[in-house]
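Chemist: One file: model.txt (compact mmCIF, C-alpha atoms).
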# COMPACT_ATOMS: atom_id res chain seq x y z
CA MET A 1 6.89 20.54 -7.54
CA SER A 2 3.78 21.06 -5.44
CA GLY A 3 4.93 23.92 -3.26
CA PHE A 4 5.21 21.65 -0.25
CA THR A 5 8.99 21.42 -0.42
CA PRO A 6 9.78 24.50 1.73
CA GLN A 7 7.88 22.87 4.57
CA PHE A 8 9.57 19.51 4.10
CA ARG A 9 11.55 19.83 7.31
CA PRO A 10 8.95 20.51 9.98
CA GLU A 11 10.10 21.44 13.45
CA HIS A 12 10.10 18.49 15.81
CA GLY A 13 6.63 18.08 17.25
CA GLN A 14 4.79 19.87 14.46
CA ALA A 15 1.49 18.06 14.16
CA THR A 16 -0.36 19.89 11.39
CA PRO A 17 -0.71 17.61 8.37
CA TRP A 18 -0.42 19.01 4.85
CA THR A 19 -3.86 19.15 3.23
CA VAL A 20 -4.98 20.05 -0.28
CA LEU A 21 -8.52 18.64 -0.52
CA ARG A 22 -10.91 19.36 2.32
CA PRO A 23 -13.40 16.70 3.55
CA ASP A 24 -16.18 18.49 1.66
CA GLY A 25 -14.30 18.03 -1.62
CA GLU A 26 -13.23 21.66 -2.00
CA LEU A 27 -9.59 22.65 -2.47
CA GLU A 28 -7.83 24.50 0.31
CA PRO A 29 -7.34 28.17 -0.62
CA GLY A 30 -4.29 28.67 -2.82
CA ARG A 31 -3.68 24.96 -3.42
CA GLU A 32 -4.07 23.02 -6.64
CA ALA A 33 -4.31 19.43 -7.76
CA ALA A 34 -1.10 18.00 -9.20
CA LEU A 35 -3.12 15.28 -10.97
CA SER A 36 -4.77 15.85 -14.34
CA ASP A 37 -8.52 15.30 -14.64
CA GLU A 38 -7.94 11.93 -16.28
CA GLN A 39 -5.47 10.86 -13.60
CA LEU A 40 -7.87 11.97 -10.89
CA ARG A 41 -10.67 9.86 -12.34
CA ASP A 42 -8.31 6.89 -12.72
CA ALA A 43 -7.15 7.28 -9.13
CA CYS A 44 -10.73 7.42 -7.88
CA GLU A 45 -11.58 4.27 -9.83
CA LEU A 46 -8.60 2.48 -8.30
CA MET A 47 -9.76 3.53 -4.82
CA LEU A 48 -13.24 2.20 -5.58
CA PHE A 49 -11.72 -1.01 -6.91
CA SER A 50 -9.80 -1.49 -3.67
CA ARG A 51 -12.93 -0.91 -1.57
CA ALA A 52 -14.94 -3.36 -3.69
CA PHE A 53 -12.27 -6.02 -3.40
CA ASP A 54 -12.20 -5.60 0.37
CA GLU A 55 -15.91 -6.40 0.45
CA LYS A 56 -15.53 -9.35 -1.91
CA GLY A 57 -12.51 -10.67 -0.05
CA PHE A 58 -14.33 -10.56 3.28
CA SER A 59 -17.25 -12.45 1.76
CA LEU A 60 -14.99 -15.10 0.22
CA GLN A 61 -13.05 -15.52 3.45
CA ARG A 62 -16.24 -16.08 5.44
CA GLN A 63 -17.21 -18.75 2.90
CA GLY A 64 -13.87 -20.52 3.33
CA ARG A 65 -12.80 -19.64 -0.20
CA PHE A 66 -10.09 -17.10 0.68
CA GLY A 67 -7.42 -16.77 3.34
CA THR A 68 -6.90 -14.17 6.03
CA PHE A 69 -6.13 -10.78 4.53
CA SER A 70 -6.00 -7.14 5.59
CA PRO A 71 -8.40 -4.69 3.93
CA VAL A 72 -7.39 -1.21 2.81
CA ARG A 73 -10.74 0.35 3.82
CA GLY A 74 -10.25 3.93 4.98
CA GLN A 75 -6.65 4.14 3.79
CA GLU A 76 -7.20 4.21 0.02
CA ALA A 77 -5.94 7.77 -0.39
CA SER A 78 -2.67 6.98 1.39
CA VAL A 79 -1.94 4.05 -0.91
CA VAL A 80 -3.29 5.38 -4.21
CA GLY A 81 -1.94 8.89 -3.71
CA ALA A 82 1.54 7.50 -3.18
CA ALA A 83 1.23 5.03 -6.05
CA PHE A 84 0.32 7.79 -8.53
CA ALA A 85 3.52 9.63 -7.60
CA LEU A 86 5.57 6.74 -9.00
CA ASP A 87 6.54 5.68 -12.50
CA PRO A 88 5.69 1.96 -12.70
CA ALA A 89 8.18 1.48 -15.53
CA ARG A 90 11.20 2.36 -13.38
CA ASP A 91 10.10 2.75 -9.75
CA TRP A 92 9.44 -0.03 -7.26
CA VAL A 93 6.82 -0.72 -4.60
CA VAL A 94 7.76 -2.73 -1.54
CA PRO A 95 4.54 -3.53 0.33
CA GLN A 96 3.60 -4.67 3.79
CA TYR A 97 0.17 -6.31 3.40
CA ARG A 98 -2.33 -3.44 2.94
CA GLU A 99 -1.25 -2.02 -0.41
CA LEU A 100 -3.35 -3.81 -3.04
CA PRO A 101 -4.09 -0.69 -5.15
CA ALA A 102 -0.39 0.24 -5.30
CA LEU A 103 0.45 -3.26 -6.52
CA LEU A 104 -2.27 -3.07 -9.17
CA ARG A 105 -1.01 0.33 -10.26
CA GLN A 106 2.44 -1.21 -10.74
CA GLY A 107 0.92 -3.84 -13.03
CA LEU A 108 0.50 -6.84 -10.74
CA PRO A 109 -2.47 -8.93 -11.93
CA LEU A 110 -5.27 -9.24 -9.38
CA GLU A 111 -5.12 -13.01 -9.80
CA GLN A 112 -1.48 -12.99 -8.70
CA PHE A 113 -2.41 -11.09 -5.55
CA MET A 114 -5.23 -13.49 -4.78
CA LEU A 115 -3.01 -16.58 -5.10
CA THR A 116 -0.93 -15.38 -2.16
CA PHE A 117 -4.00 -15.43 0.08
CA LEU A 118 -4.99 -18.84 -1.18
CA GLY A 119 -1.74 -20.31 0.10
CA ASP A 120 -0.45 -20.81 -3.42
CA PRO A 121 3.33 -20.29 -3.71
CA ARG A 122 2.87 -19.07 -7.28
CA GLY A 123 1.47 -15.86 -5.85
CA GLY A 124 4.83 -14.75 -4.53
CA ALA A 125 6.55 -14.19 -7.88
CA ALA A 126 5.58 -11.08 -9.81
CA PRO A 127 5.56 -11.30 -13.61
CA GLU A 128 8.62 -10.04 -15.43
CA GLY A 129 8.63 -6.26 -15.63
CA VAL A 130 6.30 -5.70 -12.68
CA ASN A 131 8.42 -3.79 -10.17
CA VAL A 132 7.14 -5.06 -6.83
CA LEU A 133 8.48 -7.24 -4.06
CA PRO A 134 6.30 -9.91 -2.41
CA ILE A 135 3.81 -9.07 0.31
CA GLN A 136 5.45 -9.12 3.73
CA ILE A 137 3.43 -10.26 6.73
CA GLY A 138 6.23 -9.90 9.30
CA LEU A 139 6.13 -6.31 10.53
CA ALA A 140 8.86 -4.05 9.11
CA ALA A 141 10.88 -6.96 7.70
CA GLN A 142 10.57 -5.48 4.20
CA LEU A 143 12.12 -2.13 5.15
CA PRO A 144 15.82 -3.13 5.14
CA GLN A 145 15.19 -4.99 1.87
CA ALA A 146 13.72 -1.84 0.34
CA VAL A 147 16.78 0.16 1.34
CA GLY A 148 19.05 -2.49 -0.15
CA LEU A 149 17.03 -2.47 -3.37
CA ALA A 150 17.24 1.31 -3.61
CA TRP A 151 20.95 1.37 -2.83
CA GLY A 152 21.59 -1.31 -5.46
CA HIS A 153 19.80 0.74 -8.09
CA ALA A 154 21.86 3.78 -7.16
CA LEU A 155 25.09 1.82 -7.45
CA GLN A 156 24.00 0.66 -10.91
CA GLY A 157 23.37 4.25 -11.99
CA ARG A 158 19.62 3.84 -12.36
CA ASP A 159 17.21 6.66 -11.60
CA SER A 160 14.71 4.30 -9.92
CA VAL A 161 13.00 5.18 -6.65
CA VAL A 162 11.69 2.66 -4.13
CA ALA A 163 8.50 3.39 -2.19
CA VAL A 164 8.17 1.14 0.85
CA PHE A 165 4.96 0.99 2.87
CA CYS A 166 4.40 0.13 6.49
CA GLY A 167 2.06 0.99 9.34
CA ASP A 168 2.47 2.78 12.63
CA GLY A 169 2.92 -0.59 14.34
CA ALA A 170 5.89 -1.39 12.12
CA SER A 171 7.50 1.91 13.12
CA SER A 172 8.00 0.42 16.60
CA GLU A 173 10.12 -2.43 15.25
CA GLY A 174 13.91 -2.40 15.23
CA ASP A 175 13.97 -2.99 11.47
CA PHE A 176 12.28 0.37 10.97
CA HIS A 177 14.99 2.33 12.79
CA GLU A 178 17.80 0.35 11.21
CA ALA A 179 16.38 0.85 7.72
CA CYS A 180 15.85 4.60 8.17
CA ASN A 181 19.32 5.02 9.63
CA LEU A 182 20.98 3.06 6.83
CA ALA A 183 18.98 4.88 4.16
CA GLY A 184 20.02 8.24 5.57
CA THR A 185 23.67 7.22 5.73
CA LEU A 186 23.68 5.92 2.16
CA ARG A 187 21.36 8.63 0.78
CA ALA A 188 19.42 5.80 -0.77
CA PRO A 189 16.59 6.74 -3.18
CA VAL A 190 13.80 5.39 -1.00
CA VAL A 191 10.56 6.88 0.31
CA PHE A 192 9.23 5.48 3.58
CA VAL A 193 5.42 5.75 3.57
CA VAL A 194 4.19 5.15 7.11
CA GLN A 195 0.43 4.75 7.17
CA ASN A 196 -0.54 5.84 10.65
CA ASN A 197 -4.05 4.40 10.88
CA GLY A 198 -4.26 4.81 14.63
CA TRP A 199 -3.93 1.15 15.53
CA ALA A 200 -1.24 -1.55 15.56
CA ILE A 201 -3.88 -4.27 15.49
CA SER A 202 -5.46 -3.46 18.89
CA THR A 203 -2.69 -1.24 20.29
CA PRO A 204 -3.51 2.47 19.90
CA ARG A 205 -0.94 4.87 18.49
CA ALA A 206 -0.66 6.69 21.84
CA ARG A 207 0.73 3.55 23.49
CA GLN A 208 3.36 2.95 20.81
CA SER A 209 5.46 6.10 20.96
CA ALA A 210 5.75 9.28 23.00
CA ALA A 211 6.78 11.20 19.86
CA ALA A 212 4.29 13.87 18.82
CA THR A 213 4.45 12.54 15.26
CA LEU A 214 6.19 9.61 13.62
CA ALA A 215 7.47 11.96 10.90
CA GLY A 216 9.15 13.96 13.67
CA ARG A 217 11.64 11.12 14.10
CA ALA A 218 13.15 11.80 10.69
CA PRO A 219 15.80 14.36 11.80
CA GLY A 220 17.30 11.67 14.03
CA TYR A 221 18.13 9.72 10.90
CA GLY A 222 19.39 12.81 9.10
CA ILE A 223 16.53 12.81 6.62
CA PRO A 224 13.50 15.06 6.05
CA GLY A 225 10.11 14.07 7.38
CA ALA A 226 6.63 15.09 6.31
CA LEU A 227 3.22 14.74 7.93
CA VAL A 228 0.30 14.62 5.51
CA ASP A 229 -3.46 14.12 5.69
CA GLY A 230 -3.60 10.48 4.68
CA ASN A 231 -7.26 10.70 3.72
CA ASP A 232 -6.48 13.39 1.15
CA LEU A 233 -5.53 11.82 -2.18
CA LEU A 234 -4.14 15.06 -3.60
CA ALA A 235 -2.06 15.91 -0.53
CA VAL A 236 -0.51 12.44 -0.36
CA HIS A 237 0.24 12.55 -4.07
CA GLN A 238 1.98 15.92 -3.76
CA VAL A 239 4.05 15.07 -0.70
CA VAL A 240 5.15 11.67 -1.96
CA GLY A 241 5.72 13.20 -5.40
CA ASP A 242 8.13 15.72 -3.88
CA ALA A 243 9.85 12.93 -1.97
CA VAL A 244 10.22 10.89 -5.17
CA ALA A 245 11.67 13.91 -6.97
CA ARG A 246 14.20 14.42 -4.18
CA ALA A 247 15.23 10.78 -4.28
CA ARG A 248 15.53 10.76 -8.06
CA ALA A 249 17.72 13.86 -7.91
CA GLY A 250 20.15 12.10 -5.58
CA GLU A 251 19.03 13.94 -2.44
CA GLY A 252 18.26 10.79 -0.49
CA PRO A 253 15.32 9.35 1.42
CA THR A 254 12.23 10.91 2.99
CA LEU A 255 10.00 9.71 5.81
CA VAL A 256 6.34 10.44 5.05
CA GLU A 257 3.68 9.86 7.69
CA THR A 258 0.15 9.68 6.31
CA LEU A 259 -2.34 10.44 9.06
CA THR A 260 -5.31 8.20 8.30
CA TYR A 261 -7.70 5.79 10.03
CA ARG A 262 -8.59 2.15 9.65
CA LEU A 263 -12.34 1.98 9.04
CA GLY A 264 -12.80 -1.59 10.18
CA ASP A 265 -10.99 -4.70 11.28
CA HIS A 266 -7.24 -5.14 11.12
CA ASN A 267 -7.82 -8.27 9.07
CA THR A 268 -10.44 -10.94 8.54
CA ALA A 269 -9.39 -12.66 11.77
CA ASP A 270 -9.93 -9.53 13.86
CA ASP A 271 -12.92 -7.94 15.59
CA ALA A 272 -12.16 -4.25 15.95
CA SER A 273 -15.41 -3.61 17.82
CA ARG A 274 -13.76 -5.16 20.88
CA TYR A 275 -11.26 -2.31 21.21
CA GLN A 276 -12.04 0.47 18.70
CA PRO A 277 -14.18 3.16 20.38
CA ALA A 278 -17.44 3.64 18.51
CA GLU A 279 -17.23 7.42 18.89
CA GLU A 280 -13.76 7.44 17.35
CA LEU A 281 -14.94 5.47 14.33
CA GLU A 282 -17.96 7.76 14.04
CA ALA A 283 -15.73 10.84 14.08
CA TRP A 284 -13.53 9.52 11.26
CA ALA A 285 -16.32 8.19 9.02
CA PRO A 286 -17.15 11.63 7.47
CA ARG A 287 -13.49 11.91 6.44
CA ASP A 288 -13.74 8.85 4.21
CA PRO A 289 -11.13 9.36 1.46
CA ILE A 290 -13.31 8.03 -1.36
CA SER A 291 -16.26 10.26 -0.48
CA ARG A 292 -13.89 13.23 -0.49
CA VAL A 293 -12.60 12.57 -4.00
CA LEU A 294 -16.05 11.78 -5.38
CA ALA A 295 -17.38 15.06 -3.98
CA HIS A 296 -14.55 16.93 -5.68
CA LEU A 297 -15.09 15.17 -9.00
CA ARG A 298 -18.85 15.74 -8.94
CA THR A 299 -18.42 19.42 -8.10
CA ARG A 300 -16.22 19.80 -11.16
CA GLU A 301 -18.66 17.75 -13.29
CA LEU A 302 -16.03 15.07 -13.88
CA TRP A 303 -18.21 12.32 -12.37
CA ASP A 304 -21.94 11.69 -12.56
CA ASP A 305 -24.38 8.92 -11.69
CA ALA A 306 -24.10 7.21 -15.07
CA HIS A 307 -20.30 7.16 -14.92
CA ASP A 308 -20.42 5.96 -11.31
CA THR A 309 -22.68 3.05 -12.23
CA ALA A 310 -20.51 2.08 -15.20
CA VAL A 311 -17.31 2.17 -13.12
CA ARG A 312 -18.76 0.05 -10.32
CA GLU A 313 -20.15 -2.49 -12.78
CA ARG A 314 -16.79 -2.72 -14.53
CA ILE A 315 -15.02 -3.23 -11.20
CA ALA A 316 -17.44 -5.93 -10.08
CA ALA A 317 -17.04 -7.79 -13.37
CA ARG A 318 -13.23 -7.67 -13.17
CA ILE A 319 -13.20 -8.99 -9.60
CA ASP A 320 -15.64 -11.78 -10.45
CA GLU A 321 -13.48 -12.72 -13.44
CA ALA A 322 -10.40 -12.96 -11.20
CA VAL A 323 -12.25 -15.14 -8.70
CA ARG A 324 -13.35 -17.53 -11.45
CA THR A 325 -9.83 -17.67 -12.86
CA VAL A 326 -8.02 -18.51 -9.63
CA GLU A 327 -10.65 -21.01 -8.52
CA ALA A 328 -10.37 -22.83 -11.87
CA MET A 329 -6.57 -23.14 -11.67
CA GLU A 330 -4.91 -26.47 -11.10
CA PRO A 331 -3.61 -26.77 -7.50
CA PRO A 332 0.08 -25.98 -7.09
CA GLY A 333 2.53 -28.85 -7.29
CA VAL A 334 5.52 -29.66 -5.13
CA GLU A 335 7.83 -28.10 -7.70
CA HIS A 336 6.24 -24.69 -7.12
CA LEU A 337 7.60 -24.62 -3.57
CA PHE A 338 11.11 -24.48 -4.99
CA GLU A 339 10.61 -21.96 -7.78
CA HIS A 340 11.78 -18.36 -7.51
CA VAL A 341 13.75 -19.07 -4.33
CA THR A 342 17.23 -18.99 -5.80
CA GLU A 343 18.44 -18.63 -9.38
CA THR A 344 19.95 -22.12 -9.22
CA LEU A 345 18.80 -24.74 -6.75
CA SER A 346 21.52 -26.17 -4.54
CA PRO A 347 22.07 -29.95 -4.61
CA ARG A 348 20.38 -30.19 -1.22
CA LEU A 349 17.26 -28.41 -2.40
CA GLN A 350 17.22 -30.50 -5.57
CA ASN A 351 17.26 -33.66 -3.43
CA GLN A 352 14.45 -32.34 -1.23
CA ARG A 353 12.35 -31.56 -4.28
CA ALA A 354 12.91 -35.03 -5.72
CA GLU A 355 12.00 -36.67 -2.39
CA LEU A 356 8.77 -34.72 -2.09
CA GLN A 357 7.82 -35.42 -5.69
CA ALA A 358 8.41 -39.12 -5.10
CA GLN A 359 6.20 -39.04 -2.01
CA VAL A 360 3.39 -37.42 -3.99
CA ARG A 361 3.63 -40.00 -6.77
CA THR A 362 3.38 -42.93 -4.33
CA ARG A 363 0.24 -41.66 -2.56
Show me the file's structure as structure tokens.

Modeler:
Amino acid sequence: MSGFTPQFRPEHGQATPWTVLRPDGELEPGREAALSDEQLRDACELMLFSRAFDEKGFSLQRQGRFGTFSPVRGQEASVVGAAFALDPARDWVVPQYRELPALLRQGLPLEQFMLTFLGDPRGGAAPEGVNVLPIQIGLAAQLPQAVGLAWGHALQGRDSVVAVFCGDGASSEGDFHEACNLAGTLRAPVVFVVQNNGWAISTPRARQSAAATLAGRAPGYGIPGALVDGNDLLAVHQVVGDAVARARAGEGPTLVETLTYRLGDHNTADDASRYQPAEELEAWAPRDPISRVLAHLRTRELWDDAHDTAVRERIAARIDEAVRTVEAMEPPGVEHLFEHVTETLSPRLQNQRAELQAQVRTR
């Protein structure tokens, strides 16, 4: 345990996020990293990978070679810190649409992720043994499913934990409240990771809820809530790690709010400069989560220029390889629309598939 547990039930309205790693890369007095040196380097590389893919994805989308997608830029610590608190072999990730590094950490191939944003139905089915649910574009619609998944595992006697991600905008949806209420009632082993990046597309956080914090809602569901610095990899890892431990011990769900900021557009169809104050963006830029971890690693001589160059070259090569692979794939066929929908197709769906296949053959 990280030592955060005694503060797991903040008084309503408490707005001081838990922090371990300061923006300058130094540890807060009396606090320690719960990640080993090797894990810390791996986590940093995953954050860099996510940032690099954001840049590549934007470029491909502008060229008409990739669909609309939402970058993780600025929120890498929230996603990676939470992902490293999970055991991919037994725990599950239920994403919204801004959790690429968590999906990769669980074992999802990058190519599989890319297919989804190319409109290919084959992208929606994770390989066997990869514990993730499909990306969910509809806000908060994945939250009740995550609770059901967690409850099902509990009924089966498994010690699996489900981490479900959403944003501050999703916390204003009815599905969010229903899922939190049900999870609290069932004591389901689920961790709600709410990435409060300040904006629900163009709607600022202040216009979404009068609550001092989103984590402060947790007592209303009968569950603990925690507010954490979402740009602090180590703090997110500790808080979510404690929440995972609670869930695995049968103590039920936790609502974790990661206080972060979206350093850019909501997605590739957005122009954040039309509503995001320049001074606000400027104030958050020095708190970049990747810069913070790199500063810490360099101070401890765990990262140098040569290693940095090698990591970035390896990342670029892997992304380029994935692009070549998906662009060389045969286009999906009609049959792919009907795969992974139900275990056994109903007679009606079988007829629809046959009709569509016949139409394709006669063109």

Chemist: If I take CA of Phe49 in chain A and CA of Asp91 in chain A, how far is one from the other in Å, to one decimal?

Modeler: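 These two atoms are separated by 22.3 Å.
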
Chemist: Calculate how many Å separate CA of Leu86 in chain A from CA of Val191 in chain A, rounding to one decimal.

Modeler: 10.6 Å

Chemist: Report, in Å to a single decimal, how far apart CA of Phe53 in chain A and CA of Val190 in chain A are.

Modeler: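 Pair CA of Val190 in chain A / CA of Phe53 in chain A returns 28.6 Å.
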
Chemist: Can you tell me which residues surround Gln136 in chain A at a distance of at most 9 Å, considering only C-alpha atoms, apart from same-chain residues fewer than 5 positions away, and format the answer as an mmCIF file with C-alpha atoms, in the coordinates of the input?

Modeler:
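Generated file (part15.cif):
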data_model
loop_
_atom_site.group_PDB
_atom_site.id
_atom_site.type_symbol
_atom_site.label_atom_id
_atom_site.label_comp_id
_atom_site.auth_asym_id
_atom_site.auth_seq_id
_atom_site.Cartn_x
_atom_site.Cartn_y
_atom_site.Cartn_z
ATOM 1 C CA VAL A 94 7.760 -2.730 -1.540
ATOM 2 C CA PRO A 95 4.540 -3.530 0.330
ATOM 3 C CA GLN A 96 3.600 -4.670 3.790
ATOM 4 C CA TYR A 97 0.170 -6.310 3.400
ATOM 5 C CA ALA A 141 10.880 -6.960 7.700
ATOM 6 C CA GLN A 142 10.570 -5.480 4.200
#

Chemist: Which is closer to Arg314 in chain A than all the others in A:Pro23, A:Val256, A:Leu46, A:Glu38, using all atoms listed in the file?

Modeler: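 Going through A:Pro23, A:Val256, A:Leu46, A:Glu38 one by one, the smallest distance to Arg314 in chain A is for A:Leu46.
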
Chemist: Could you pull the residues within 9 Å of Glu32 in chain A, counting only C-alpha atoms, minus those fewer than 3 positions along the same chain, as a list of chain:residue names?

Modeler: A:Ser2, A:Val20, A:Leu21, A:Leu27, A:Glu28, A:Pro29, A:Leu35, A:Leu234
